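Engineer: Sharing query30.txt (compact mmCIF, C-alpha atoms) below.
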# COMPACT_ATOMS: atom_id res chain seq x y z
CA MET A 1 -4.31 32.18 -22.25
CA LYS A 2 -1.51 34.64 -21.45
CA ASP A 3 0.43 34.18 -18.21
CA ALA A 4 -1.57 36.98 -16.58
CA ILE A 5 -5.26 37.42 -17.38
CA ALA A 6 -6.10 41.05 -18.20
CA VAL A 7 -9.12 42.08 -16.09
CA GLY A 8 -11.23 45.23 -15.89
CA VAL A 9 -13.72 46.09 -13.12
CA VAL A 10 -16.85 48.09 -13.96
CA GLY A 11 -18.33 49.93 -10.97
CA CYS A 12 -16.26 51.51 -8.19
CA GLY A 13 -19.00 52.22 -5.68
CA TYR A 14 -19.79 50.04 -2.66
CA TRP A 15 -18.48 46.61 -3.72
CA GLY A 16 -16.26 47.36 -6.72
CA PRO A 17 -13.25 48.53 -4.64
CA ASN A 18 -13.18 45.14 -2.89
CA LEU A 19 -13.01 43.40 -6.26
CA VAL A 20 -10.28 45.76 -7.45
CA ARG A 21 -8.23 45.03 -4.32
CA ASN A 22 -8.58 41.27 -4.62
CA PHE A 23 -7.94 40.91 -8.35
CA ARG A 24 -4.95 43.22 -8.08
CA GLY A 25 -3.42 40.90 -5.49
CA LEU A 26 -3.67 37.67 -7.53
CA SER A 27 -0.52 36.46 -9.25
CA ASN A 28 -2.18 35.29 -12.48
CA CYS A 29 -4.15 38.51 -12.92
CA HIS A 30 -3.21 41.81 -14.52
CA LEU A 31 -5.80 44.27 -13.26
CA LYS A 32 -5.61 46.62 -16.21
CA ALA A 33 -8.53 49.02 -15.76
CA MET A 34 -11.36 50.15 -13.50
CA CYS A 35 -14.41 51.99 -14.78
CA ASP A 36 -17.00 54.29 -13.24
CA THR A 37 -19.20 57.08 -14.57
CA ARG A 38 -18.25 59.36 -11.66
CA GLU A 39 -14.96 61.20 -11.97
CA GLU A 40 -14.68 61.68 -8.20
CA ARG A 41 -14.84 57.93 -7.59
CA LEU A 42 -12.21 57.26 -10.25
CA LYS A 43 -9.96 59.93 -8.76
CA HIS A 44 -10.21 58.24 -5.38
CA MET A 45 -9.47 54.82 -6.88
CA ARG A 46 -6.52 56.19 -8.91
CA ASN A 47 -5.03 57.55 -5.69
CA LEU A 48 -5.27 54.09 -4.16
CA TYR A 49 -4.10 52.19 -7.25
CA PRO A 50 -2.06 54.51 -9.49
CA ASP A 51 -0.89 51.56 -11.62
CA VAL A 52 -4.48 50.76 -12.72
CA GLU A 53 -6.01 52.82 -15.52
CA GLY A 54 -9.20 54.69 -14.62
CA VAL A 55 -11.83 54.77 -17.38
CA LEU A 56 -15.06 56.78 -17.66
CA ASP A 57 -16.19 55.24 -20.96
CA CYS A 58 -17.32 51.63 -20.58
CA GLU A 59 -17.27 51.03 -24.35
CA TYR A 60 -13.60 51.99 -24.41
CA LEU A 61 -12.93 49.60 -21.54
CA LEU A 62 -14.64 46.75 -23.41
CA ASN A 63 -13.10 47.34 -26.82
CA GLY A 64 -10.05 49.56 -26.53
CA ILE A 65 -7.81 48.14 -23.80
CA GLY A 66 -7.34 44.49 -24.72
CA LEU A 67 -9.01 42.85 -21.74
CA ASP A 68 -9.58 39.12 -21.36
CA ALA A 69 -12.26 39.41 -18.67
CA VAL A 70 -14.68 41.95 -17.22
CA VAL A 71 -16.11 42.11 -13.70
CA ILE A 72 -19.43 43.96 -13.23
CA ALA A 73 -20.22 45.52 -9.85
CA THR A 74 -22.88 48.09 -10.69
CA PRO A 75 -26.51 48.49 -9.55
CA VAL A 76 -28.66 45.54 -10.63
CA GLN A 77 -30.50 47.50 -13.33
CA PHE A 78 -27.27 47.72 -15.35
CA HIS A 79 -26.13 44.11 -14.97
CA TYR A 80 -27.83 42.78 -18.08
CA SER A 81 -26.82 45.50 -20.54
CA LEU A 82 -23.22 45.62 -19.36
CA ALA A 83 -22.84 41.83 -19.22
CA LYS A 84 -24.34 41.45 -22.69
CA ALA A 85 -21.96 44.06 -24.10
CA SER A 86 -19.04 42.36 -22.35
CA LEU A 87 -19.89 38.90 -23.68
CA LEU A 88 -20.50 40.18 -27.21
CA ALA A 89 -17.09 41.83 -27.02
CA GLY A 90 -15.62 38.38 -26.33
CA LYS A 91 -14.84 38.89 -22.64
CA HIS A 92 -15.21 36.32 -19.90
CA THR A 93 -17.65 37.92 -17.46
CA LEU A 94 -18.21 37.91 -13.70
CA ILE A 95 -21.45 39.59 -12.55
CA GLU A 96 -22.26 40.52 -8.99
CA LYS A 97 -25.49 39.15 -7.50
CA PRO A 98 -28.27 39.10 -8.51
CA MET A 99 -27.25 38.22 -12.05
CA ALA A 100 -29.92 40.35 -13.79
CA SER A 101 -33.36 41.87 -13.29
CA SER A 102 -35.28 38.97 -14.89
CA SER A 103 -34.90 35.31 -15.75
CA ALA A 104 -35.30 36.14 -19.46
CA GLU A 105 -32.24 38.38 -19.27
CA CYS A 106 -30.30 35.63 -17.47
CA GLU A 107 -31.22 33.07 -20.12
CA GLU A 108 -30.03 35.36 -22.89
CA LEU A 109 -26.69 35.95 -21.18
CA ILE A 110 -26.22 32.21 -20.66
CA GLU A 111 -26.84 31.53 -24.34
CA ILE A 112 -24.45 34.27 -25.50
CA ALA A 113 -21.71 32.92 -23.22
CA ARG A 114 -22.32 29.34 -24.35
CA SER A 115 -22.30 30.15 -28.05
CA ASN A 116 -19.07 32.12 -27.71
CA GLY A 117 -17.27 29.68 -25.40
CA LEU A 118 -16.93 32.21 -22.59
CA VAL A 119 -16.96 31.83 -18.82
CA LEU A 120 -20.02 33.43 -17.25
CA MET A 121 -19.92 33.53 -13.47
CA VAL A 122 -22.09 35.12 -10.77
CA GLY A 123 -20.74 36.56 -7.51
CA HIS A 124 -22.49 34.39 -4.95
CA THR A 125 -19.59 35.10 -2.61
CA PHE A 126 -20.76 33.11 0.42
CA LEU A 127 -20.38 29.82 -1.44
CA TYR A 128 -16.63 30.51 -1.50
CA SER A 129 -16.43 31.07 2.27
CA ALA A 130 -14.82 28.52 4.57
CA PRO A 131 -17.88 28.27 6.91
CA ILE A 132 -20.30 27.44 4.07
CA ARG A 133 -17.85 24.95 2.58
CA LYS A 134 -17.57 23.31 6.01
CA ILE A 135 -21.38 23.26 6.49
CA THR A 136 -21.82 21.70 3.04
CA GLN A 137 -19.20 19.07 3.87
CA ILE A 138 -20.94 18.22 7.16
CA VAL A 139 -24.39 18.01 5.56
CA ARG A 140 -23.29 15.86 2.62
CA ALA A 141 -21.41 13.51 4.91
CA GLY A 142 -24.75 12.79 6.63
CA ASP A 143 -23.54 13.97 10.04
CA ILE A 144 -26.75 15.86 10.88
CA GLY A 145 -29.10 13.32 9.28
CA GLU A 146 -31.83 14.43 6.90
CA ILE A 147 -32.45 18.18 6.82
CA ARG A 148 -35.91 19.11 8.10
CA TYR A 149 -35.80 22.88 7.62
CA ILE A 150 -33.51 25.91 7.38
CA ASN A 151 -34.20 29.27 8.99
CA SER A 152 -32.20 32.34 7.99
CA ARG A 153 -32.17 35.93 9.25
CA ARG A 154 -30.28 38.78 7.57
CA LEU A 155 -31.19 42.02 9.32
CA ASN A 156 -29.73 45.50 9.80
CA LEU A 157 -30.56 49.21 9.74
CA GLY A 158 -30.18 50.20 6.04
CA LEU A 159 -28.57 50.47 3.56
CA PHE A 160 -31.82 51.53 1.89
CA GLN A 161 -32.05 51.01 -1.87
CA LYS A 162 -34.39 52.77 -4.28
CA ASP A 163 -34.30 50.47 -7.31
CA ILE A 164 -34.69 47.06 -5.59
CA ASN A 165 -36.44 45.91 -2.40
CA VAL A 166 -34.80 44.22 0.56
CA ALA A 167 -35.53 40.72 -0.81
CA TRP A 168 -33.54 41.42 -3.99
CA ASP A 169 -30.82 43.13 -1.95
CA LEU A 170 -30.23 40.78 1.00
CA ALA A 171 -32.00 37.47 0.33
CA PRO A 172 -29.74 36.37 -2.58
CA HIS A 173 -27.01 35.55 -0.06
CA ASP A 174 -29.29 33.21 1.89
CA ILE A 175 -31.01 31.74 -1.16
CA SER A 176 -27.68 30.85 -2.75
CA ILE A 177 -26.50 29.14 0.47
CA ILE A 178 -29.77 27.21 0.88
CA LEU A 179 -29.79 26.02 -2.73
CA HIS A 180 -26.17 24.95 -2.45
CA VAL A 181 -26.67 23.05 0.83
CA LEU A 182 -29.88 21.32 -0.30
CA ASP A 183 -28.61 20.92 -3.89
CA GLU A 184 -32.05 21.27 -5.44
CA PRO A 185 -34.46 24.05 -6.48
CA PRO A 186 -37.63 24.76 -4.47
CA LEU A 187 -41.10 23.67 -5.54
CA THR A 188 -42.96 26.79 -4.38
CA VAL A 189 -42.14 30.29 -3.15
CA ASN A 190 -44.14 32.49 -0.75
CA CYS A 191 -43.26 36.05 0.19
CA GLN A 192 -44.80 38.66 2.44
CA GLY A 193 -43.51 42.12 3.26
CA ASN A 194 -44.15 45.83 3.63
CA ALA A 195 -42.69 49.17 2.54
CA HIS A 196 -42.36 51.47 5.56
CA VAL A 197 -39.84 54.08 4.42
CA THR A 198 -39.85 54.31 0.60
CA PRO A 199 -43.27 53.79 -1.02
CA GLY A 200 -43.28 50.72 -3.26
CA VAL A 201 -39.91 49.42 -2.04
CA GLU A 202 -40.35 46.75 0.63
CA ASP A 203 -37.86 47.09 3.48
CA VAL A 204 -39.02 43.99 5.39
CA THR A 205 -39.78 40.62 3.75
CA ASN A 206 -40.26 37.00 4.75
CA ILE A 207 -39.69 34.36 2.07
CA SER A 208 -40.65 30.70 2.44
CA LEU A 209 -39.29 28.04 0.08
CA SER A 210 -40.76 24.54 -0.01
CA PHE A 211 -38.78 21.54 -1.24
CA ARG A 212 -39.33 17.84 -1.78
CA HIS A 213 -39.71 15.48 1.19
CA LYS A 214 -41.52 18.15 3.28
CA ARG A 215 -38.39 20.25 3.66
CA PHE A 216 -38.66 24.03 3.69
CA ALA A 217 -36.62 27.17 4.32
CA THR A 218 -37.56 30.60 5.65
CA ILE A 219 -35.62 33.79 4.93
CA GLN A 220 -36.22 36.98 6.91
CA SER A 221 -34.71 40.16 5.43
CA SER A 222 -34.90 43.67 6.86
CA TRP A 223 -33.40 47.14 6.58
CA LEU A 224 -35.26 48.22 9.73
CA GLU A 225 -33.60 46.32 12.57
CA PRO A 226 -31.65 48.00 15.39
CA ARG A 227 -29.10 45.17 15.45
CA LYS A 228 -27.15 43.59 12.62
CA VAL A 229 -27.99 39.88 12.40
CA ARG A 230 -26.47 37.28 10.03
CA GLU A 231 -27.67 33.92 11.29
CA MET A 232 -28.79 30.62 9.78
CA THR A 233 -30.06 27.50 11.56
CA ILE A 234 -30.08 24.12 9.82
CA VAL A 235 -32.19 21.52 11.62
CA GLY A 236 -31.49 17.87 10.87
CA THR A 237 -32.95 14.64 12.15
CA ARG A 238 -29.78 13.88 14.16
CA ARG A 239 -28.05 17.20 14.82
CA MET A 240 -28.48 20.92 14.22
CA ILE A 241 -26.13 23.61 12.89
CA VAL A 242 -26.13 27.28 13.87
CA TYR A 243 -24.11 29.55 11.58
CA ASP A 244 -23.48 33.10 12.84
CA ASP A 245 -21.45 35.04 10.29
CA LEU A 246 -20.87 37.93 12.69
CA GLN A 247 -18.83 35.78 15.07
CA THR A 248 -15.12 36.33 14.62
CA HIS A 249 -13.86 32.82 15.35
CA GLU A 250 -16.80 30.57 16.25
CA LYS A 251 -19.00 31.00 13.19
CA ILE A 252 -20.35 27.41 13.23
CA ARG A 253 -21.64 25.45 16.20
CA ILE A 254 -23.00 21.89 15.94
CA TYR A 255 -25.66 20.88 18.47
CA ASP A 256 -26.09 17.17 19.16
CA VAL A 257 -29.78 17.50 20.02
CA ARG A 258 -32.90 15.95 18.56
CA VAL A 259 -36.41 14.78 19.35
CA GLU A 260 -37.82 11.38 18.39
CA CYS A 261 -41.29 9.81 18.44
CA PRO A 262 -41.75 6.29 19.80
CA PRO A 263 -42.01 3.83 16.89
CA HIS A 264 -44.89 1.87 18.49
CA TYR A 265 -47.39 2.53 21.25
CA ASP A 266 -50.75 0.99 22.22
CA THR A 267 -52.42 3.85 24.05
CA PHE A 268 -51.97 7.59 24.27
CA ALA A 269 -50.62 7.11 27.79
CA ASP A 270 -47.77 5.06 26.32
CA PHE A 271 -46.80 7.87 23.93
CA HIS A 272 -43.68 9.79 24.97
CA TYR A 273 -41.34 11.95 22.95
CA SER A 274 -37.69 11.10 23.37
CA TYR A 275 -35.39 14.11 23.74
CA HIS A 276 -31.69 13.70 23.16
CA TYR A 277 -29.33 16.32 24.62
CA GLY A 278 -25.70 15.80 23.67
CA ASP A 279 -22.67 18.04 23.53
CA SER A 280 -22.20 20.98 21.20
CA TYR A 281 -18.93 21.52 19.41
CA ILE A 282 -17.26 24.07 17.17
CA PRO A 283 -15.53 22.65 14.07
CA HIS A 284 -12.17 24.07 13.10
CA ILE A 285 -12.24 26.36 10.08
CA GLN A 286 -9.25 27.66 8.17
CA HIS A 287 -10.31 31.23 7.52
CA GLU A 288 -9.63 33.09 4.27
CA GLU A 289 -11.31 35.97 2.48
CA PRO A 290 -14.23 34.49 0.46
CA LEU A 291 -14.00 37.19 -2.20
CA ARG A 292 -10.36 36.37 -2.85
CA ALA A 293 -11.28 32.69 -3.33
CA GLU A 294 -14.11 33.73 -5.67
CA CYS A 295 -11.83 35.93 -7.78
CA GLN A 296 -9.20 33.20 -7.99
CA HIS A 297 -11.87 30.68 -9.00
CA PHE A 298 -12.97 32.95 -11.85
CA LEU A 299 -9.41 33.14 -13.16
CA ASP A 300 -8.92 29.38 -12.76
CA CYS A 301 -12.07 28.66 -14.77
CA ILE A 302 -10.85 30.95 -17.56
CA GLU A 303 -7.47 29.21 -17.67
CA LYS A 304 -8.91 25.69 -17.57
CA GLY A 305 -12.04 26.26 -19.66
CA ALA A 306 -14.08 24.97 -16.72
CA THR A 307 -17.58 25.69 -15.44
CA PRO A 308 -17.68 27.91 -12.33
CA LEU A 309 -19.25 26.72 -9.11
CA THR A 310 -21.57 29.73 -9.39
CA SER A 311 -22.22 29.71 -13.12
CA GLY A 312 -24.94 31.46 -15.07
CA HIS A 313 -27.29 28.56 -14.33
CA GLU A 314 -27.00 29.16 -10.58
CA GLY A 315 -27.58 32.85 -11.23
CA LEU A 316 -30.68 32.09 -13.28
CA GLU A 317 -32.03 29.73 -10.62
CA LEU A 318 -31.73 32.43 -7.97
CA VAL A 319 -33.35 35.14 -10.11
CA ARG A 320 -36.30 32.84 -10.88
CA ILE A 321 -36.86 32.52 -7.13
CA LEU A 322 -36.66 36.29 -6.64
CA GLU A 323 -39.17 36.78 -9.47
CA ALA A 324 -41.51 34.28 -7.84
CA ALA A 325 -41.08 36.08 -4.51
CA SER A 326 -42.02 39.40 -6.17
CA THR A 327 -45.13 37.81 -7.70
CA SER A 328 -46.14 36.32 -4.34
CA LEU A 329 -45.51 39.65 -2.62
CA LYS A 330 -47.91 41.43 -4.98
CA ASP A 331 -50.47 38.66 -4.44
CA GLY A 332 -50.52 38.95 -0.66
CA GLY A 333 -48.13 36.08 0.00
CA ALA A 334 -49.86 33.46 -2.16
CA PRO A 335 -47.64 30.51 -3.13
CA VAL A 336 -46.01 30.64 -6.55
CA SER A 337 -45.13 27.33 -8.15
CA LEU A 338 -41.80 26.79 -9.88
CA GLU A 339 -42.92 24.15 -12.32
CA ARG A 340 -39.54 23.21 -13.67
CA SER A 341 -36.10 23.25 -12.15
CA VAL A 342 -33.19 24.81 -13.96
CA GLU A 343 -31.29 21.95 -15.57
CA ARG A 344 -27.60 21.89 -14.78
CA PRO A 345 -25.06 20.22 -17.09
CA ALA A 346 -24.18 16.82 -15.69
CA PHE A 347 -20.50 17.70 -15.37
CA ILE A 348 -21.02 20.62 -12.99
CA ARG A 349 -19.67 19.61 -9.60
CA ARG A 350 -21.25 21.58 -6.78
CA SER A 351 -18.32 21.12 -4.46
CA ASP A 352 -15.48 22.95 -2.78
CA PRO A 353 -14.31 25.66 -5.20
CA VAL A 354 -10.74 25.10 -4.09
CA GLU A 355 -10.86 21.73 -5.82
CA VAL A 356 -10.07 21.55 -9.51
CA LEU A 357 -13.42 21.65 -11.31
CA SER A 358 -14.24 19.58 -14.36
CA ALA A 359 -12.39 20.72 -17.46
CA GLU A 360 -15.30 20.04 -19.79
CA PRO A 361 -16.05 22.72 -22.40
CA VAL A 362 -17.42 25.88 -20.82
CA LEU A 363 -21.16 26.16 -20.37
CA ALA A 364 -22.36 29.28 -18.61
Could the structure of this file be written out as structure tokens, please?
Structural biologist:
Amino acid sequence: MKDAIAVGVVGCGYWGPNLVRNFRGLSNCHLKAMCDTREERLKHMRNLYPDVEGVLDCEYLLNGIGLDAVVIATPVQFHYSLAKASLLAGKHTLIEKPMASSSAECEELIEIARSNGLVLMVGHTFLYSAPIRKITQIVRAGDIGEIRYINSRRLNLGLFQKDINVAWDLAPHDISIILHVLDEPPLTVNCQGNAHVTPGVEDVTNISLSFRHKRFATIQSSWLEPRKVREMTIVGTRRMIVYDDLQTHEKIRIYDVRVECPPHYDTFADFHYSYHYGDSYIPHIQHEEPLRAECQHFLDCIEKGATPLTSGHEGLELVRILEAASTSLKDGGAPVSLERSVERPAFIRRSDPVEVLSAEPVLA
């Protein structure tokens, strides 16, 4: 590759400007162009970044500027068509979450990337955050014992969407974290919810994921809450973790508490639960912007020909769960079985993205 990777960002609405800012600040990146269909948005972005070309025509961006990589930050309904065009044009591609509108679309994108030797990455940004990396380290070291369940709440007032419901909008963050921490796909998915504001677009949902060994996770998502909540509780057999993303400095707290049953007893009168109450502590975290780490990881994978931490396979796995949640939602919350897990190449290391990933040939 050239010393600086030529990158273009498609979509300058809500999230695109953050990607533009981060890629522009990376030493091995030449942010060459930004694209949007709205002239007023491009004018605003040109005022902020006069050295970056503003483009209205996406086809010109893909084929007429000489880019190495394309970043897609548009509404979900355009992810598939734009990513397919990008990959067919020979560009390494980063897609914001969720990867596409269906698992079939995800599978097609994965195959195009694989057959053309291109990096395909999905923007599951939280997996690049220091708190989630620390939680994953704690869990995999066995410090909290075996995980019993995970409970997650992502609530706020708005922003209301018209093309996707709140599960597709907010739950991908929590699903990606849960899958990463547990390192396995769920067996079944249940989802219940209601549309209170826009007919046919659920603004409150509750998703339940069941896993092997009687483990499960619940995900509550809402656009109708008076307070903004970003909280996840991970309950283990030895300790428990509370992760509050809205805290400025103390995002993770470990509670040394647990309950145990007596191993043997002769009568019911002999039966007593044992409650352990220990100290709580806050692990030190070296904070950095997760999106910057994600953008750097994308460039590193392009340079090294490596598989991203959040590759197309992780994107597909998440979309399959969202599809199952939609099916369950329409069926009154009935469980939907995920008969097969998404196979990951053996060389994919689900670890700290700051580490150098395997340099095996790229597989999306």
Engineer: Just give me the gap between atom CA of Tyr277 of chain A and atom CA of Ile138 of chain A in Å, one decimal is fine.
Structural biologist: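 Those two atoms sit 19.5 Å apart.
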Engineer: Work out how far apart atom CA of Ala104 of chain A and atom CA of Ser328 of chain A are and give it in Å to one decimal.
Structural biologist: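 Pair atom CA of Ala104 of chain A / atom CA of Ser328 of chain A returns 18.6 Å.
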Engineer: Go ahead and find all residues with at least one atom no further than 10 Å from (-11.8, 42.8, -3.0) in the file's coordinates, using all atoms listed in the file; report them as a VMD selection string.
Structural biologist: chain A and resid 15 to 25 289 to 292 294 to 295
Engineer: Taking (-3.5, 37.5, -12.5) in the file's own coordinates, collect the residues within 10 Å, counting all atoms listed in the file, and hand them back as a PyMOL selection string.
Structural biologist: chain A and resi 2-7+23-31+295-296+299-300
Engineer: Hey, can you check how far atom CA of Thr205 of chain A sits from atom CA of Tyr255 of chain A?
Structural biologist: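 Pair atom CA of Thr205 of chain A / atom CA of Tyr255 of chain A returns 28.4 Å.
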Engineer: Using only C-alpha atoms, find each residue of segment 105-206 of chain A with at least one atom at most 6 Å away from an atom of segment 224-228 of chain A; report its shortest atom-to-atom pair and that distance in Å (one decimal), sort the rows by chain and rising residue number, and return the result as CSV.
Structural biologist:
residue,atom,partner,partner_atom,distance
A:Leu155,CA,A:Lys228,CA,5.4
A:Asn156,CA,A:Lys228,CA,4.3
A:Leu157,CA,A:Leu224,CA,4.8
Engineer: Any chance you can output those residues with C-alpha atoms as an mmCIF file, in the coordinates of the input?
Structural biologist:
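So the final result, stored in result_30.cif, reads:
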data_model
loop_
_atom_site.group_PDB
_atom_site.id
_atom_site.type_symbol
_atom_site.label_atom_id
_atom_site.label_comp_id
_atom_site.auth_asym_id
_atom_site.auth_seq_id
_atom_site.Cartn_x
_atom_site.Cartn_y
_atom_site.Cartn_z
ATOM 1 C CA LEU A 155 -31.190 42.020 9.320
ATOM 2 C CA ASN A 156 -29.730 45.500 9.800
ATOM 3 C CA LEU A 157 -30.560 49.210 9.740
#
Engineer: Output segment 194-203 of chain A as a PDB file, in the coordinates of the input, making sure all heavy atoms are there.
Structural biologist:
ATOM      1  N   ASN A 194     -43.562  44.498   3.629  1.00  0.00           N
ATOM      2  CA  ASN A 194     -44.150  45.830   3.630  1.00  0.00           C
ATOM      3  C   ASN A 194     -43.079  46.882   3.349  1.00  0.00           C
ATOM      4  O   ASN A 194     -41.894  46.687   3.650  1.00  0.00           O
ATOM      5  CB  ASN A 194     -44.808  46.145   4.975  1.00  0.00           C
ATOM      6  CG  ASN A 194     -46.189  45.531   5.092  1.00  0.00           C
ATOM      7  OD1 ASN A 194     -47.077  45.832   4.301  1.00  0.00           O
ATOM      8  ND2 ASN A 194     -46.360  44.664   6.073  1.00  0.00           N
ATOM      9  N   ALA A 195     -43.545  48.012   2.775  1.00  0.00           N
ATOM     10  CA  ALA A 195     -42.690  49.170   2.540  1.00  0.00           C
ATOM     11  C   ALA A 195     -43.029  50.232   3.574  1.00  0.00           C
ATOM     12  O   ALA A 195     -44.129  50.787   3.551  1.00  0.00           O
ATOM     13  CB  ALA A 195     -42.887  49.704   1.126  1.00  0.00           C
ATOM     14  N   HIS A 196     -42.104  50.513   4.489  1.00  0.00           N
ATOM     15  CA  HIS A 196     -42.360  51.470   5.560  1.00  0.00           C
ATOM     16  C   HIS A 196     -41.693  52.815   5.328  1.00  0.00           C
ATOM     17  O   HIS A 196     -42.151  53.824   5.869  1.00  0.00           O
ATOM     18  CB  HIS A 196     -41.882  50.901   6.899  1.00  0.00           C
ATOM     19  CG  HIS A 196     -42.548  49.628   7.292  1.00  0.00           C
ATOM     20  ND1 HIS A 196     -42.033  48.393   6.969  1.00  0.00           N
ATOM     21  CD2 HIS A 196     -43.695  49.386   7.982  1.00  0.00           C
ATOM     22  CE1 HIS A 196     -42.825  47.450   7.457  1.00  0.00           C
ATOM     23  NE2 HIS A 196     -43.844  48.022   8.074  1.00  0.00           N
ATOM     24  N   VAL A 197     -40.613  52.855   4.583  1.00  0.00           N
ATOM     25  CA  VAL A 197     -39.840  54.080   4.420  1.00  0.00           C
ATOM     26  C   VAL A 197     -39.995  54.668   3.024  1.00  0.00           C
ATOM     27  O   VAL A 197     -40.360  55.832   2.865  1.00  0.00           O
ATOM     28  CB  VAL A 197     -38.350  53.826   4.734  1.00  0.00           C
ATOM     29  CG1 VAL A 197     -37.519  55.070   4.469  1.00  0.00           C
ATOM     30  CG2 VAL A 197     -38.178  53.369   6.185  1.00  0.00           C
ATOM     31  N   THR A 198     -39.727  53.868   1.987  1.00  0.00           N
ATOM     32  CA  THR A 198     -39.850  54.310   0.600  1.00  0.00           C
ATOM     33  C   THR A 198     -41.064  53.641  -0.018  1.00  0.00           C
ATOM     34  O   THR A 198     -41.104  52.410  -0.106  1.00  0.00           O
ATOM     35  CB  THR A 198     -38.594  53.941  -0.217  1.00  0.00           C
ATOM     36  OG1 THR A 198     -37.445  54.503   0.417  1.00  0.00           O
ATOM     37  CG2 THR A 198     -38.707  54.471  -1.636  1.00  0.00           C
ATOM     38  N   PRO A 199     -42.073  54.390  -0.434  1.00  0.00           N
ATOM     39  CA  PRO A 199     -43.270  53.790  -1.020  1.00  0.00           C
ATOM     40  C   PRO A 199     -42.928  52.876  -2.196  1.00  0.00           C
ATOM     41  O   PRO A 199     -42.153  53.250  -3.088  1.00  0.00           O
ATOM     42  CB  PRO A 199     -44.090  54.996  -1.480  1.00  0.00           C
ATOM     43  CG  PRO A 199     -43.642  56.116  -0.605  1.00  0.00           C
ATOM     44  CD  PRO A 199     -42.183  55.873  -0.347  1.00  0.00           C
ATOM     45  N   GLY A 200     -43.483  51.671  -2.166  1.00  0.00           N
ATOM     46  CA  GLY A 200     -43.280  50.720  -3.260  1.00  0.00           C
ATOM     47  C   GLY A 200     -42.007  49.914  -3.184  1.00  0.00           C
ATOM     48  O   GLY A 200     -41.793  49.030  -4.015  1.00  0.00           O
ATOM     49  N   VAL A 201     -41.155  50.180  -2.197  1.00  0.00           N
ATOM     50  CA  VAL A 201     -39.910  49.420  -2.040  1.00  0.00           C
ATOM     51  C   VAL A 201     -39.920  48.756  -0.669  1.00  0.00           C
ATOM     52  O   VAL A 201     -39.682  49.402   0.358  1.00  0.00           O
ATOM     53  CB  VAL A 201     -38.668  50.336  -2.180  1.00  0.00           C
ATOM     54  CG1 VAL A 201     -37.388  49.505  -2.040  1.00  0.00           C
ATOM     55  CG2 VAL A 201     -38.691  51.064  -3.513  1.00  0.00           C
ATOM     56  N   GLU A 202     -40.218  47.471  -0.636  1.00  0.00           N
ATOM     57  CA  GLU A 202     -40.350  46.750   0.630  1.00  0.00           C
ATOM     58  C   GLU A 202     -39.016  46.728   1.382  1.00  0.00           C
ATOM     59  O   GLU A 202     -37.977  46.376   0.813  1.00  0.00           O
ATOM     60  CB  GLU A 202     -40.821  45.317   0.385  1.00  0.00           C
ATOM     61  CG  GLU A 202     -42.272  45.204  -0.055  1.00  0.00           C
ATOM     62  CD  GLU A 202     -42.458  45.471  -1.548  1.00  0.00           C
ATOM     63  OE1 GLU A 202     -41.416  45.546  -2.259  1.00  0.00           O
ATOM     64  OE2 GLU A 202     -43.615  45.611  -1.993  1.00  0.00           O
ATOM     65  N   ASP A 203     -39.063  47.098   2.662  1.00  0.00           N
ATOM     66  CA  ASP A 203     -37.860  47.090   3.480  1.00  0.00           C
ATOM     67  C   ASP A 203     -37.853  45.957   4.497  1.00  0.00           C
ATOM     68  O   ASP A 203     -36.874  45.768   5.213  1.00  0.00           O
ATOM     69  CB  ASP A 203     -37.685  48.436   4.201  1.00  0.00           C
ATOM     70  CG  ASP A 203     -38.993  49.023   4.693  1.00  0.00           C
ATOM     71  OD1 ASP A 203     -39.748  48.290   5.368  1.00  0.00           O
ATOM     72  OD2 ASP A 203     -39.280  50.198   4.390  1.00  0.00           O
TER      73      ASP A 203
END
